[in-house]
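A.B. asks: Encoded as C-alpha cells, here's the structure I'll be asking about.
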Amino acid sequence: ETAVFQTPNYHVTQVGNEVSFNCKQTLGHDTMYWYKQDSKKLLKIMFSYNNKQLIVNETVPRRFSPQSSDKAHLNLRIKSVEPEDSAVYLCASSHYWGFNQDTQYFGPGTRLLVL
Amino acid sequence: AQKVTQTQTSISVMEKTTVTMDCVYETQDSSYFLFWYKQTASGEIVFLIRQDSYKKENATVGHYSLNFQKPKSSIGLIITATQIEDSAVYFCAMREGQQGTGSKLSFGKGAKLTVSP
C-alpha cells in the first residue's frame, strides 16, 4: 500500500514531557511536511524537508524540532510540551519537481493532548 | 494577512444536487497552484483537485470541477450529483513560495458541507 503513515494515532502527556511523532511515506515523494491543525480546524505549515534538507521553517517555538533520516521519513520531536501544543499534527508528502509537483498527500494525523 | 479566504462556514444541500463552494486568494506570484481538499469525519485529509494558474481550462476530476476566475482571484469548487459521503469539511489551499525555495500550502478556514437524503 502506498500512502503516508503516522504513529502514534493519539498521545496523551503532561506539561513538560518530551514527545516524538513518526511519519513515513511510501509514495516515492522527495518532500515531506509537518502541519498543525488546531481545535478550530485551522491548518498551518510548520516545517518542510526536501531530500533530508530543511527548506521551510515557519515561526514555531524552539521546542519543536523535525528530524529526517531519509526522504521517506520525517519525525517531529517536541521538548517540554505546553498546553497550547494540544492539536492534531499532520504529516504530508509531495514531489518537489515534475508531474503533479506540490500536490500534497496527508497522513491520518497524530492527536496530541497535553494535560 | 490571510491569503486564502473561504467565506462560507457551513453549507447544507440535498442529495443529488449541485453545490458550489467559494474561495478567493491573494498572491503576488505570476504562477501559482490552487488545491481543494476535504477532511472527513475521521480526520482524514484527502486531495480532490488542483488548478495551475497558467492553465485556462477549468480542472475536472470525477464529479468535482473548478470555476477558476483569475481576474477575480477566485477558485470555486463545484460538486455535482452530491452524495451523502460528500459530507465533510472542504479546504481551499494555495501553494506559496517560488519554485526552488520551498513549497508550503496556505489553507482557508474550511467549509463544512452536509448532504442530506
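The way I read the labels, and the way they are meant: chains A, B, ... in the order of the C-alpha cells, residue 1 as the first residue of every chain, and ligand 1 as the first ligand shown, with later ones counted on from there.
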What residues in chain B lie within 12 Å of chain A, counting only C-alpha atoms, written as a VMD selection string?
C.D. replies: chain B and resid 2 4 to 6 9 32 to 52 89 to 112
A.B. asks: Mind pulling up the distance from atom CA of Thr26 of chain A to atom CA of Glu1 of chain A?
C.D. replies: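 Computed distance, atom CA of Glu1 of chain A to atom CA of Thr26 of chain A, equals 7.7 Å.
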A.B. asks: Based on the backbone DSSP call, show me all residues of segment 49-89 of chain B assigned strand (DSSP E), as a VMD selection string.
C.D. replies: chain B and resid 49 to 52 60 to 61 64 to 69 74 to 79 88 to 89
A.B. asks: What would the file look like if the residues just selected were written as a short mmCIF file (atom, residue, chain, number, x, y, z; two decimals), in the first residue's frame with N, CA, C and O atoms?
C.D. replies:
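The result, stored in part_18.cif:
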```cif
data_model
loop_
_atom_site.label_atom_id
_atom_site.label_comp_id
_atom_site.auth_asym_id
_atom_site.auth_seq_id
_atom_site.Cartn_x
_atom_site.Cartn_y
_atom_site.Cartn_z
N ILE B 49 -8.61 18.00 -6.07
CA ILE B 49 -8.45 18.58 -7.40
C ILE B 49 -7.52 19.78 -7.30
O ILE B 49 -7.41 20.40 -6.23
N ARG B 50 -6.83 20.10 -8.39
CA ARG B 50 -5.95 21.25 -8.40
C ARG B 50 -6.11 22.04 -9.69
O ARG B 50 -6.56 21.50 -10.71
N GLN B 51 -5.71 23.30 -9.61
CA GLN B 51 -5.72 24.18 -10.78
C GLN B 51 -4.39 24.90 -10.84
O GLN B 51 -4.01 25.58 -9.87
N ASP B 52 -3.68 24.76 -11.93
CA ASP B 52 -2.45 25.51 -12.13
C ASP B 52 -2.82 26.83 -12.78
O ASP B 52 -3.58 26.86 -13.76
N THR B 60 -11.23 19.33 -13.96
CA THR B 60 -12.36 18.46 -13.63
C THR B 60 -11.83 17.08 -13.27
O THR B 60 -10.98 16.54 -13.97
N VAL B 61 -12.33 16.55 -12.15
CA VAL B 61 -11.99 15.19 -11.72
C VAL B 61 -13.25 14.55 -11.17
O VAL B 61 -13.77 14.98 -10.14
N TYR B 64 -16.13 16.41 -9.33
CA TYR B 64 -15.59 17.69 -8.87
C TYR B 64 -15.11 18.51 -10.07
O TYR B 64 -14.45 17.97 -10.96
N SER B 65 -15.41 19.78 -10.07
CA SER B 65 -14.86 20.67 -11.08
C SER B 65 -14.59 22.02 -10.43
O SER B 65 -15.06 22.31 -9.34
N LEU B 66 -13.78 22.80 -11.13
CA LEU B 66 -13.39 24.10 -10.60
C LEU B 66 -13.91 25.22 -11.49
O LEU B 66 -14.03 25.07 -12.70
N ASN B 67 -14.20 26.33 -10.86
CA ASN B 67 -14.56 27.55 -11.57
C ASN B 67 -13.45 28.55 -11.28
O ASN B 67 -13.47 29.25 -10.26
N PHE B 68 -12.46 28.58 -12.15
CA PHE B 68 -11.28 29.42 -11.94
C PHE B 68 -11.50 30.76 -12.64
O PHE B 68 -11.61 30.82 -13.86
N GLN B 69 -11.57 31.81 -11.85
CA GLN B 69 -11.72 33.16 -12.38
C GLN B 69 -10.51 33.97 -11.96
O GLN B 69 -10.51 34.61 -10.89
N SER B 74 -10.30 34.01 -7.84
CA SER B 74 -11.33 33.13 -7.28
C SER B 74 -11.20 31.72 -7.83
O SER B 74 -10.94 31.52 -9.01
N ILE B 75 -11.38 30.75 -6.96
CA ILE B 75 -11.31 29.34 -7.36
C ILE B 75 -12.43 28.59 -6.64
O ILE B 75 -12.26 28.09 -5.53
N GLY B 76 -13.57 28.50 -7.29
CA GLY B 76 -14.71 27.83 -6.69
C GLY B 76 -14.69 26.34 -6.99
O GLY B 76 -14.28 25.91 -8.06
N LEU B 77 -15.15 25.55 -6.02
CA LEU B 77 -15.28 24.09 -6.19
C LEU B 77 -16.74 23.77 -6.44
O LEU B 77 -17.61 24.20 -5.67
N ILE B 78 -16.99 23.04 -7.50
CA ILE B 78 -18.35 22.62 -7.84
C ILE B 78 -18.44 21.11 -7.69
O ILE B 78 -17.65 20.38 -8.27
N ILE B 79 -19.41 20.68 -6.90
CA ILE B 79 -19.65 19.25 -6.74
C ILE B 79 -21.03 18.95 -7.32
O ILE B 79 -22.04 19.49 -6.84
N ALA B 88 -18.42 16.58 4.55
CA ALA B 88 -17.05 16.73 5.05
C ALA B 88 -16.76 18.22 5.19
O ALA B 88 -17.60 19.06 4.87
N VAL B 89 -15.57 18.52 5.66
CA VAL B 89 -15.08 19.90 5.67
C VAL B 89 -14.18 20.06 4.46
O VAL B 89 -13.26 19.25 4.27
#
```
A.B. asks: Give me the residues near Asn22 of chain A as a list in words, where near means some atom within 8 Å (using only C-alpha atoms) and where sequence neighbours in that chain fewer than 3 positions away do not count.
C.D. replies: Gln6, Thr7, Pro8, His73, Leu74, Asn75 and Leu76 of chain A
A.B. asks: Pull N, CA and C atoms from the residues just selected and write them as a compact mmCIF listing (two decimals), in the first residue's frame.
C.D. replies:
```
# COMPACT_ATOMS: atom_id res chain seq x y z
N GLN A 6 1.46 7.55 9.88
CA GLN A 6 1.88 8.28 11.07
C GLN A 6 1.66 7.44 12.31
N THR A 7 2.60 7.56 13.24
CA THR A 7 2.44 6.94 14.56
C THR A 7 2.91 7.90 15.62
N PRO A 8 2.28 7.89 16.79
CA PRO A 8 1.06 7.17 17.13
C PRO A 8 -0.17 7.90 16.60
N HIS A 73 11.15 9.52 5.42
CA HIS A 73 10.83 9.61 6.84
C HIS A 73 11.01 11.04 7.35
N LEU A 74 10.05 11.47 8.14
CA LEU A 74 10.16 12.78 8.79
C LEU A 74 9.50 12.68 10.15
N ASN A 75 10.30 12.89 11.19
CA ASN A 75 9.79 12.82 12.55
C ASN A 75 9.70 14.21 13.15
N LEU A 76 8.93 14.30 14.21
CA LEU A 76 8.77 15.57 14.91
C LEU A 76 8.94 15.33 16.40
```
A.B. asks: Rounded to one decimal place, report the atom CA of Gln28 of chain B-atom CA of Ser73 of chain B distance in Å.
C.D. replies: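 Atom-to-atom, atom CA of Gln28 of chain B to atom CA of Ser73 of chain B, that is 11.0 Å.
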